[in-house]
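*Asks:* File my_file_13.pdb follows (PDB, C-alpha atoms, pLDDT in the B column):
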MODEL        1
ATOM      1  CA  MET A   1       4.443 -14.179  39.051  1.00 86.00           C
ATOM      2  CA  LYS A   2       4.708 -10.841  37.237  1.00 90.00           C
ATOM      3  CA  LYS A   3       1.282  -9.262  36.627  1.00 97.00           C
ATOM      4  CA  ILE A   4       0.557  -6.913  33.718  1.00 98.00           C
ATOM      5  CA  VAL A   5      -2.837  -5.235  33.461  1.00 97.00           C
ATOM      6  CA  ILE A   6      -4.085  -3.794  30.171  1.00 96.00           C
ATOM      7  CA  LEU A   7      -6.709  -1.194  31.047  1.00 95.00           C
ATOM      8  CA  ASP A   8     -10.136  -2.148  29.784  1.00 93.00           C
ATOM      9  CA  TYR A   9     -12.458   0.729  28.922  1.00 90.00           C
ATOM     10  CA  ASP A  10     -14.131  -0.701  25.803  1.00 86.00           C
ATOM     11  CA  SER A  11     -11.639   0.977  23.519  1.00 76.00           C
ATOM     12  CA  GLY A  12      -8.208   0.520  22.051  1.00 65.00           C
ATOM     13  CA  ASN A  13      -6.458  -2.489  20.594  1.00 78.00           C
ATOM     14  CA  LEU A  14      -6.802  -4.409  23.838  1.00 91.00           C
ATOM     15  CA  HIS A  15      -6.525  -7.931  22.481  1.00 91.00           C
ATOM     16  CA  SER A  16      -3.872  -6.995  19.908  1.00 94.00           C
ATOM     17  CA  VAL A  17      -1.735  -5.573  22.696  1.00 96.00           C
ATOM     18  CA  ALA A  18      -2.349  -8.640  24.875  1.00 96.00           C
ATOM     19  CA  LYS A  19      -1.367 -10.942  22.010  1.00 96.00           C
ATOM     20  CA  ALA A  20       1.840  -8.991  21.382  1.00 97.00           C
ATOM     21  CA  ILE A  21       2.747  -9.035  25.075  1.00 97.00           C
ATOM     22  CA  THR A  22       2.161 -12.792  25.135  1.00 96.00           C
ATOM     23  CA  GLN A  23       4.731 -13.198  22.347  1.00 96.00           C
ATOM     24  CA  VAL A  24       7.515 -11.606  24.396  1.00 97.00           C
ATOM     25  CA  ALA A  25       6.559 -12.522  27.975  1.00 96.00           C
ATOM     26  CA  ASP A  26       7.774 -15.621  29.781  1.00 93.00           C
ATOM     27  CA  ASN A  27       5.532 -18.180  31.471  1.00 91.00           C
ATOM     28  CA  LYS A  28       5.908 -16.348  34.774  1.00 92.00           C
ATOM     29  CA  THR A  29       3.978 -13.347  33.452  1.00 95.00           C
ATOM     30  CA  GLN A  30       0.225 -13.026  33.929  1.00 96.00           C
ATOM     31  CA  ILE A  31      -1.602 -10.749  31.465  1.00 97.00           C
ATOM     32  CA  LEU A  32      -5.029  -9.384  32.348  1.00 97.00           C
ATOM     33  CA  ILE A  33      -7.411  -7.102  30.458  1.00 96.00           C
ATOM     34  CA  SER A  34      -9.292  -5.459  33.298  1.00 95.00           C
ATOM     35  CA  ASP A  35     -10.872  -2.341  34.797  1.00 94.00           C
ATOM     36  CA  LYS A  36     -11.095  -3.817  38.300  1.00 93.00           C
ATOM     37  CA  HIS A  37      -9.529  -1.871  41.150  1.00 91.00           C
ATOM     38  CA  GLU A  38      -7.966  -4.919  42.805  1.00 94.00           C
ATOM     39  CA  HIS A  39      -6.310  -6.033  39.555  1.00 95.00           C
ATOM     40  CA  ILE A  40      -4.860  -2.579  38.902  1.00 94.00           C
ATOM     41  CA  LYS A  41      -3.702  -2.191  42.500  1.00 93.00           C
ATOM     42  CA  ASN A  42      -1.986  -5.596  42.498  1.00 95.00           C
ATOM     43  CA  ALA A  43      -0.450  -5.282  39.032  1.00 97.00           C
ATOM     44  CA  ASP A  44       3.299  -4.934  38.625  1.00 97.00           C
ATOM     45  CA  ARG A  45       2.854  -2.752  35.546  1.00 97.00           C
ATOM     46  CA  ILE A  46       0.063  -1.104  33.573  1.00 98.00           C
ATOM     47  CA  ILE A  47      -0.568  -0.665  29.840  1.00 97.00           C
ATOM     48  CA  PHE A  48      -3.037   1.971  28.651  1.00 96.00           C
ATOM     49  CA  PRO A  49      -3.800   1.394  24.947  1.00 94.00           C
ATOM     50  CA  GLY A  50      -6.165   3.623  23.056  1.00 82.00           C
ATOM     51  CA  GLN A  51      -7.604   4.704  19.765  1.00 82.00           C
ATOM     52  CA  GLY A  52     -10.510   6.814  18.585  1.00 83.00           C
ATOM     53  CA  ALA A  53     -11.657  10.261  19.693  1.00 89.00           C
ATOM     54  CA  ALA A  54     -10.501  12.070  22.823  1.00 92.00           C
ATOM     55  CA  ALA A  55     -14.010  12.853  24.091  1.00 92.00           C
ATOM     56  CA  ASP A  56     -15.094   9.218  23.724  1.00 92.00           C
ATOM     57  CA  CYS A  57     -11.973   8.063  25.533  1.00 92.00           C
ATOM     58  CA  MET A  58     -12.537  10.398  28.488  1.00 94.00           C
ATOM     59  CA  ARG A  59     -16.220   9.474  28.684  1.00 94.00           C
ATOM     60  CA  LYS A  60     -15.418   5.760  28.784  1.00 92.00           C
ATOM     61  CA  LEU A  61     -12.694   6.239  31.387  1.00 93.00           C
ATOM     62  CA  LYS A  62     -15.236   7.980  33.616  1.00 94.00           C
ATOM     63  CA  GLU A  63     -17.873   5.310  32.989  1.00 93.00           C
ATOM     64  CA  HIS A  64     -15.386   2.636  34.059  1.00 91.00           C
ATOM     65  CA  ASN A  65     -14.248   4.699  37.086  1.00 92.00           C
ATOM     66  CA  LEU A  66     -10.689   4.568  35.806  1.00 92.00           C
ATOM     67  CA  ILE A  67      -9.542   8.172  36.323  1.00 94.00           C
ATOM     68  CA  ASP A  68      -8.349   7.614  39.895  1.00 92.00           C
ATOM     69  CA  GLU A  69      -6.951   4.197  38.947  1.00 90.00           C
ATOM     70  CA  ILE A  70      -4.815   5.734  36.206  1.00 92.00           C
ATOM     71  CA  ASN A  71      -3.559   8.482  38.505  1.00 93.00           C
ATOM     72  CA  TYR A  72      -2.646   5.844  41.084  1.00 91.00           C
ATOM     73  CA  ALA A  73      -0.852   3.679  38.521  1.00 93.00           C
ATOM     74  CA  ILE A  74       1.108   6.603  37.088  1.00 94.00           C
ATOM     75  CA  LYS A  75       2.449   7.434  40.539  1.00 92.00           C
ATOM     76  CA  ASN A  76       3.283   3.889  41.581  1.00 93.00           C
ATOM     77  CA  LYS A  77       4.020   1.495  38.704  1.00 96.00           C
ATOM     78  CA  PRO A  78       5.751   1.176  35.336  1.00 98.00           C
ATOM     79  CA  PHE A  79       3.159   2.628  32.974  1.00 98.00           C
ATOM     80  CA  LEU A  80       3.003   2.362  29.182  1.00 98.00           C
ATOM     81  CA  GLY A  81       0.627   4.593  27.207  1.00 97.00           C
ATOM     82  CA  ILE A  82      -0.092   3.778  23.555  1.00 97.00           C
ATOM     83  CA  CYS A  83      -1.592   6.175  20.970  1.00 96.00           C
ATOM     84  CA  MET A  84      -4.605   7.767  22.713  1.00 95.00           C
ATOM     85  CA  GLY A  85      -3.069   6.378  25.895  1.00 95.00           C
ATOM     86  CA  MET A  86      -0.283   8.919  25.355  1.00 97.00           C
ATOM     87  CA  GLN A  87      -2.437  11.856  24.248  1.00 97.00           C
ATOM     88  CA  VAL A  88      -4.858  11.605  27.161  1.00 96.00           C
ATOM     89  CA  LEU A  89      -2.027  12.265  29.639  1.00 98.00           C
ATOM     90  CA  PHE A  90      -1.951  15.957  28.654  1.00 98.00           C
ATOM     91  CA  GLN A  91      -4.156  18.870  29.707  1.00 98.00           C
ATOM     92  CA  LYS A  92      -6.483  19.237  26.752  1.00 97.00           C
ATOM     93  CA  SER A  93      -7.104  18.272  23.150  1.00 97.00           C
ATOM     94  CA  SER A  94      -8.409  20.445  20.323  1.00 94.00           C
ATOM     95  CA  GLU A  95     -10.403  17.407  19.154  1.00 89.00           C
ATOM     96  CA  ASN A  96     -14.214  17.474  19.489  1.00 86.00           C
ATOM     97  CA  ASN A  97     -14.191  21.295  19.815  1.00 88.00           C
ATOM     98  CA  GLY A  98     -11.934  21.011  22.840  1.00 93.00           C
ATOM     99  CA  THR A  99     -11.694  18.154  25.334  1.00 96.00           C
ATOM    100  CA  ASP A 100     -10.256  18.228  28.844  1.00 97.00           C
ATOM    101  CA  LEU A 101      -7.854  15.347  29.405  1.00 97.00           C
ATOM    102  CA  LEU A 102      -6.159  13.830  32.467  1.00 97.00           C
ATOM    103  CA  ASN A 103      -3.812  16.784  33.055  1.00 97.00           C
ATOM    104  CA  ILE A 104      -0.828  14.658  34.073  1.00 97.00           C
ATOM    105  CA  TYR A 105       1.572  16.690  31.934  1.00 98.00           C
ATOM    106  CA  GLN A 106       1.383  20.282  30.734  1.00 98.00           C
ATOM    107  CA  GLY A 107       0.652  20.578  27.050  1.00 98.00           C
ATOM    108  CA  GLU A 108      -2.002  20.300  24.379  1.00 98.00           C
ATOM    109  CA  VAL A 109      -2.953  17.724  21.768  1.00 98.00           C
ATOM    110  CA  LYS A 110      -3.133  19.508  18.416  1.00 97.00           C
ATOM    111  CA  ASP A 111      -4.765  18.875  15.042  1.00 96.00           C
ATOM    112  CA  PHE A 112      -2.329  17.975  12.245  1.00 96.00           C
ATOM    113  CA  LYS A 113      -4.609  19.742   9.739  1.00 93.00           C
ATOM    114  CA  LYS A 114      -3.759  23.119  11.247  1.00 94.00           C
ATOM    115  CA  HIS A 115      -0.013  22.554  11.232  1.00 93.00           C
ATOM    116  CA  ILE A 116       0.958  20.684   8.058  1.00 92.00           C
ATOM    117  CA  LYS A 117       0.611  21.261   4.318  1.00 87.00           C
ATOM    118  CA  LYS A 118      -2.615  20.171   2.652  1.00 83.00           C
ATOM    119  CA  ASP A 119      -0.870  17.594   0.447  1.00 88.00           C
ATOM    120  CA  PHE A 120      -0.050  15.508   3.539  1.00 93.00           C
ATOM    121  CA  LYS A 121      -2.812  12.994   4.151  1.00 94.00           C
ATOM    122  CA  ILE A 122      -4.724  12.888   7.422  1.00 95.00           C
ATOM    123  CA  PRO A 123      -4.655  10.664   9.374  1.00 96.00           C
ATOM    124  CA  HIS A 124      -0.922  10.154   9.500  1.00 97.00           C
ATOM    125  CA  MET A 125      -1.048   6.419   8.852  1.00 97.00           C
ATOM    126  CA  GLY A 126       1.704   3.907   8.214  1.00 98.00           C
ATOM    127  CA  TRP A 127       5.367   3.473   9.032  1.00 99.00           C
ATOM    128  CA  ASN A 128       7.514   6.364  10.202  1.00 99.00           C
ATOM    129  CA  ASN A 129      10.899   6.756  11.834  1.00 99.00           C
ATOM    130  CA  VAL A 130      11.339   7.702  15.470  1.00 99.00           C
ATOM    131  CA  LYS A 131      14.393   9.723  16.439  1.00 99.00           C
ATOM    132  CA  GLN A 132      15.470   8.868  19.970  1.00 99.00           C
ATOM    133  CA  MET A 133      15.948  12.184  21.784  1.00 98.00           C
ATOM    134  CA  THR A 134      17.160  10.708  25.066  1.00 97.00           C
ATOM    135  CA  GLU A 135      18.457   7.382  26.271  1.00 97.00           C
ATOM    136  CA  HIS A 136      15.876   5.177  27.938  1.00 98.00           C
ATOM    137  CA  PRO A 137      15.672   1.512  28.998  1.00 98.00           C
ATOM    138  CA  LEU A 138      12.757   0.974  26.604  1.00 99.00           C
ATOM    139  CA  TRP A 139      15.063   1.847  23.699  1.00 99.00           C
ATOM    140  CA  ASN A 140      17.370  -1.074  24.547  1.00 98.00           C
ATOM    141  CA  ASN A 141      18.262  -3.081  21.409  1.00 99.00           C
ATOM    142  CA  ILE A 142      16.278  -0.666  19.207  1.00 99.00           C
ATOM    143  CA  LYS A 143      18.328   1.389  16.769  1.00 99.00           C
ATOM    144  CA  ASP A 144      17.839   5.134  16.521  1.00 99.00           C
ATOM    145  CA  ASN A 145      15.481   6.132  13.683  1.00 99.00           C
ATOM    146  CA  SER A 146      13.792   2.737  13.642  1.00 99.00           C
ATOM    147  CA  SER A 147      10.340   2.615  12.040  1.00 99.00           C
ATOM    148  CA  PHE A 148       7.089   2.142  13.924  1.00 99.00           C
ATOM    149  CA  TYR A 149       3.448   2.031  12.841  1.00 98.00           C
ATOM    150  CA  PHE A 150       1.287   5.142  13.339  1.00 98.00           C
ATOM    151  CA  VAL A 151      -2.421   5.903  12.936  1.00 96.00           C
ATOM    152  CA  HIS A 152      -3.440   9.351  14.230  1.00 96.00           C
ATOM    153  CA  SER A 153      -4.788  12.763  13.244  1.00 96.00           C
ATOM    154  CA  TYR A 154      -3.651  14.656  16.355  1.00 97.00           C
ATOM    155  CA  PHE A 155      -0.257  15.006  18.027  1.00 98.00           C
ATOM    156  CA  ALA A 156       0.895  15.910  21.521  1.00 98.00           C
ATOM    157  CA  SER A 157       2.764  19.157  22.109  1.00 98.00           C
ATOM    158  CA  PRO A 158       4.334  19.000  25.593  1.00 98.00           C
ATOM    159  CA  GLN A 159       5.265  22.213  27.387  1.00 98.00           C
ATOM    160  CA  GLN A 160       7.880  20.273  29.351  1.00 96.00           C
ATOM    161  CA  LYS A 161      10.448  19.650  26.629  1.00 96.00           C
ATOM    162  CA  ASN A 162      12.543  17.431  28.889  1.00 98.00           C
ATOM    163  CA  ILE A 163       9.928  14.661  28.716  1.00 98.00           C
ATOM    164  CA  ILE A 164      10.194  14.395  24.915  1.00 99.00           C
ATOM    165  CA  THR A 165      11.962  11.077  24.354  1.00 99.00           C
ATOM    166  CA  GLY A 166      11.254  10.549  20.646  1.00 99.00           C
ATOM    167  CA  THR A 167      10.262  12.676  17.660  1.00 99.00           C
ATOM    168  CA  SER A 168       9.026  11.915  14.158  1.00 99.00           C
ATOM    169  CA  LEU A 169       8.676  13.901  10.943  1.00 98.00           C
ATOM    170  CA  TYR A 170       5.404  14.369   9.070  1.00 98.00           C
ATOM    171  CA  ASP A 171       5.982  17.694   7.330  1.00 97.00           C
ATOM    172  CA  ILE A 172       6.719  18.968  10.855  1.00 97.00           C
ATOM    173  CA  ASP A 173       8.720  17.427  13.665  1.00 98.00           C
ATOM    174  CA  PHE A 174       6.292  16.227  16.313  1.00 99.00           C
ATOM    175  CA  CYS A 175       6.614  14.518  19.671  1.00 99.00           C
ATOM    176  CA  SER A 176       6.036  10.796  19.220  1.00 99.00           C
ATOM    177  CA  VAL A 177       7.343   9.529  22.583  1.00 99.00           C
ATOM    178  CA  ILE A 178       7.427  10.920  26.106  1.00 99.00           C
ATOM    179  CA  ALA A 179       8.986   9.533  29.255  1.00 99.00           C
ATOM    180  CA  CYS A 180       9.041  10.744  32.838  1.00 98.00           C
ATOM    181  CA  GLU A 181      10.088   8.628  35.796  1.00 96.00           C
ATOM    182  CA  ASN A 182       7.992   5.419  35.623  1.00 97.00           C
ATOM    183  CA  VAL A 183       5.909   6.552  32.618  1.00 98.00           C
ATOM    184  CA  PHE A 184       6.701   5.833  28.971  1.00 99.00           C
ATOM    185  CA  ALA A 185       4.133   6.726  26.318  1.00 99.00           C
ATOM    186  CA  CYS A 186       4.261   6.501  22.534  1.00 99.00           C
ATOM    187  CA  GLN A 187       2.067   7.790  19.727  1.00 98.00           C
ATOM    188  CA  PHE A 188       2.815   4.755  17.564  1.00 98.00           C
ATOM    189  CA  HIS A 189       1.464   1.239  18.056  1.00 97.00           C
ATOM    190  CA  PRO A 190       4.226  -1.133  19.221  1.00 98.00           C
ATOM    191  CA  GLU A 191       1.821  -4.075  18.894  1.00 97.00           C
ATOM    192  CA  LYS A 192       1.633  -3.356  15.134  1.00 96.00           C
ATOM    193  CA  SER A 193       5.323  -2.531  14.681  1.00 98.00           C
ATOM    194  CA  THR A 194       6.804  -6.029  14.192  1.00 97.00           C
ATOM    195  CA  ASN A 195      10.250  -6.701  15.652  1.00 98.00           C
ATOM    196  CA  ASP A 196      11.082  -3.274  17.071  1.00 99.00           C
ATOM    197  CA  GLY A 197       7.608  -2.940  18.537  1.00 98.00           C
ATOM    198  CA  LEU A 198       7.889  -6.330  20.195  1.00 99.00           C
ATOM    199  CA  GLN A 199      11.335  -5.394  21.503  1.00 99.00           C
ATOM    200  CA  LEU A 200       9.897  -2.252  23.076  1.00 99.00           C
ATOM    201  CA  LEU A 201       7.166  -4.297  24.768  1.00 98.00           C
ATOM    202  CA  LYS A 202       9.771  -6.777  25.988  1.00 98.00           C
ATOM    203  CA  ASN A 203      11.820  -3.890  27.361  1.00 98.00           C
ATOM    204  CA  PHE A 204       8.735  -2.630  29.184  1.00 98.00           C
ATOM    205  CA  ILE A 205       8.177  -6.024  30.800  1.00 97.00           C
ATOM    206  CA  ASN A 206      11.789  -6.037  32.013  1.00 95.00           C
ATOM    207  CA  TRP A 207      11.954  -2.346  32.966  1.00 96.00           C
ATOM    208  CA  GLN A 208      13.245  -1.861  36.499  1.00 92.00           C
ATOM    209  CA  ILE A 209      12.311   1.468  38.072  1.00 84.00           C
TER     210      ILE A 209
ENDMDL
END
Could you render the structure from this file as structure tokens?

*Replies:*
Amino acid sequence: MKKIVILDYDSGNLHSVAKAITQVADNKTQILISDKHEHIKNADRIIFPGQGAAADCMRKLKEHNLIDEINYAIKNKPFLGICMGMQVLFQKSSENNGTDLLNIYQGEVKDFKKHIKKDFKIPHMGWNNVKQMTEHPLWNNIKDNSSFYFVHSYFASPQQKNIITGTSLYDIDFCSVIACENVFACQFHPEKSTNDGLQLLKNFINWQI
């Protein structure tokens, strides 16, 4: 039985992600929404969804004692970060007058308002193309420049350019996907991105590290 844990910290599209995973998983896959240590430790792979503000996300992660659990999962299991679940992997965010994040990767999460023209609406919401910058198993059967669904006002700016696995254009080119070893994280919402989003989730389920 393959076990997938979706991290539960009272935030994110937890049930939407679980429903999407259910659509592409076989009957030998167990899907749990949980913050329990034993579930995370025994999981075969971890999904970290997220939405909302960076400070709220970090506060809830601490309240649920998930900081160490996330660090453990990132070092040991296939790990998928979605939206805020990607941003929080960096050092800090300019959101909420500056918020310290998990500091897994070097880089900052920046405010679109300070980097794009005023006639571009914030948040960046809706469908946008993702240019695949590197090959990756999670891109299997997904064409380059396919469209995915975004909802965000901030974007990640990694210092380590070699982890940038996808970029998108919203007045500026920004990093929309990162990957490093057993971690894959995307700014868009695969659970809201119809066929290509479901394919990405299926690829994650089948990803062999």

*Asks:* Using the chain letters and numbering of this document, enumerate as a list in words the residues selected by the PyMOL selection byres ((chain A and resi 28) around 9).

*Replies:*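 For this structure, the PyMOL selection byres ((chain A and resi 28) around 9) captures Met1, Lys2, Lys3, Ala25, Asp26, Asn27, Thr29 and Gln30 of chain A.
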
*Asks:* Which polymer residues, whether protein, DNA or RNA, lie within 6 Å of the coordinate (-1.5, -2.3, 22.5) when you count only C-alpha atoms? List them as a list in words, using the chain letters and numbers from the file.

*Replies:* Asn13, Leu14, Ser16, Val17, Pro49 and Glu191 of chain A

*Asks:* Calculated over only C-alpha atoms, which of the candidates A:Asn128, A:Asn206, A:Asn65, A:Thr165 has the smallest distance to A:Asp35?

*Replies:*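 Under the stated criterion, the closest residue is A:Asn65.
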
*Asks:* One decimal, Å: what's the distance from atom CA of A:Glu135 over to atom CA of A:Glu181, could you say?

*Replies:*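 Distance reported for this atom pair: 12.7 Å.
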
*Asks:* One decimal, in Å: what's the spacing between atom CA of A:Asn140 and atom CA of A:Val177?

*Replies:*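 One can read the atom CA of A:Asn140 to atom CA of A:Val177 distance as 14.7 Å.
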
*Asks:* Determine, counting all atoms listed in the file, which protein, DNA and RNA residues have an atom within 6 Å of an atom of stretch 82-97 of chain A; residues of the same chain fewer than 3 positions away are not included. Present the result as a PyMOL selection string.

*Replies:* chain A and resi 48-51+100-110+156+185-188

*Asks:* Under the PyMOL selection byres ((chain A and resi 193) around 10), which residues of this model are included? Write them out as a list in words.

*Replies:* Ala20, Gly126, Trp127, Ser147, Phe148, Tyr149, Phe150, Phe188, His189, Pro190, Glu191, Lys192, Thr194, Asn195, Asp196, Gly197, Leu198, Gln199 and Leu200 of chain A

*Asks:* For the residues in that selection, give me C-alpha atoms as a compact mmCIF listing (two decimals), in the coordinates of the input.

*Replies:*
# COMPACT_ATOMS: atom_id res chain seq x y z
CA ALA A 20 1.84 -8.99 21.38
CA GLY A 126 1.70 3.91 8.21
CA TRP A 127 5.37 3.47 9.03
CA SER A 147 10.34 2.62 12.04
CA PHE A 148 7.09 2.14 13.92
CA TYR A 149 3.45 2.03 12.84
CA PHE A 150 1.29 5.14 13.34
CA PHE A 188 2.82 4.76 17.56
CA HIS A 189 1.46 1.24 18.06
CA PRO A 190 4.23 -1.13 19.22
CA GLU A 191 1.82 -4.08 18.89
CA LYS A 192 1.63 -3.36 15.13
CA THR A 194 6.80 -6.03 14.19
CA ASN A 195 10.25 -6.70 15.65
CA ASP A 196 11.08 -3.27 17.07
CA GLY A 197 7.61 -2.94 18.54
CA LEU A 198 7.89 -6.33 20.20
CA GLN A 199 11.34 -5.39 21.50
CA LEU A 200 9.90 -2.25 23.08

*Asks:* Using the file's own x, y and z axes, what box holds all listed atoms of stretch 81-97 of chain A with 5 Å on each side, keeping edges along x, y and z, and what are its centre and edge lengths in Å to one decimal, as JSON?

*Replies:*
{"center_x": -6.8, "center_y": 12.5, "center_z": 24.4, "size_x": 24.8, "size_y": 27.5, "size_z": 20.6}

*Asks:* One decimal, in Å: what's the spacing between atom CA of A:Leu7 and atom CA of A:Gln159?

*Replies:* 26.5 Å

*Asks:* Convert the output of the PyMOL selection byres ((chain A and resi 79) around 6) on the shown file into explicit residues, formatted as a PyMOL selection string.

*Replies:* chain A and resi 45-47+77-78+80+183

*Asks:* Can you spit out the residues from that selection as a compact mmCIF listing (two decimals), in the coordinates of the input, using C-alpha atoms?

*Replies:*
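Produced file result-v2.txt, reproduced below:
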# COMPACT_ATOMS: atom_id res chain seq x y z
CA ARG A 45 2.85 -2.75 35.55
CA ILE A 46 0.06 -1.10 33.57
CA ILE A 47 -0.57 -0.66 29.84
CA LYS A 77 4.02 1.50 38.70
CA PRO A 78 5.75 1.18 35.34
CA LEU A 80 3.00 2.36 29.18
CA VAL A 183 5.91 6.55 32.62
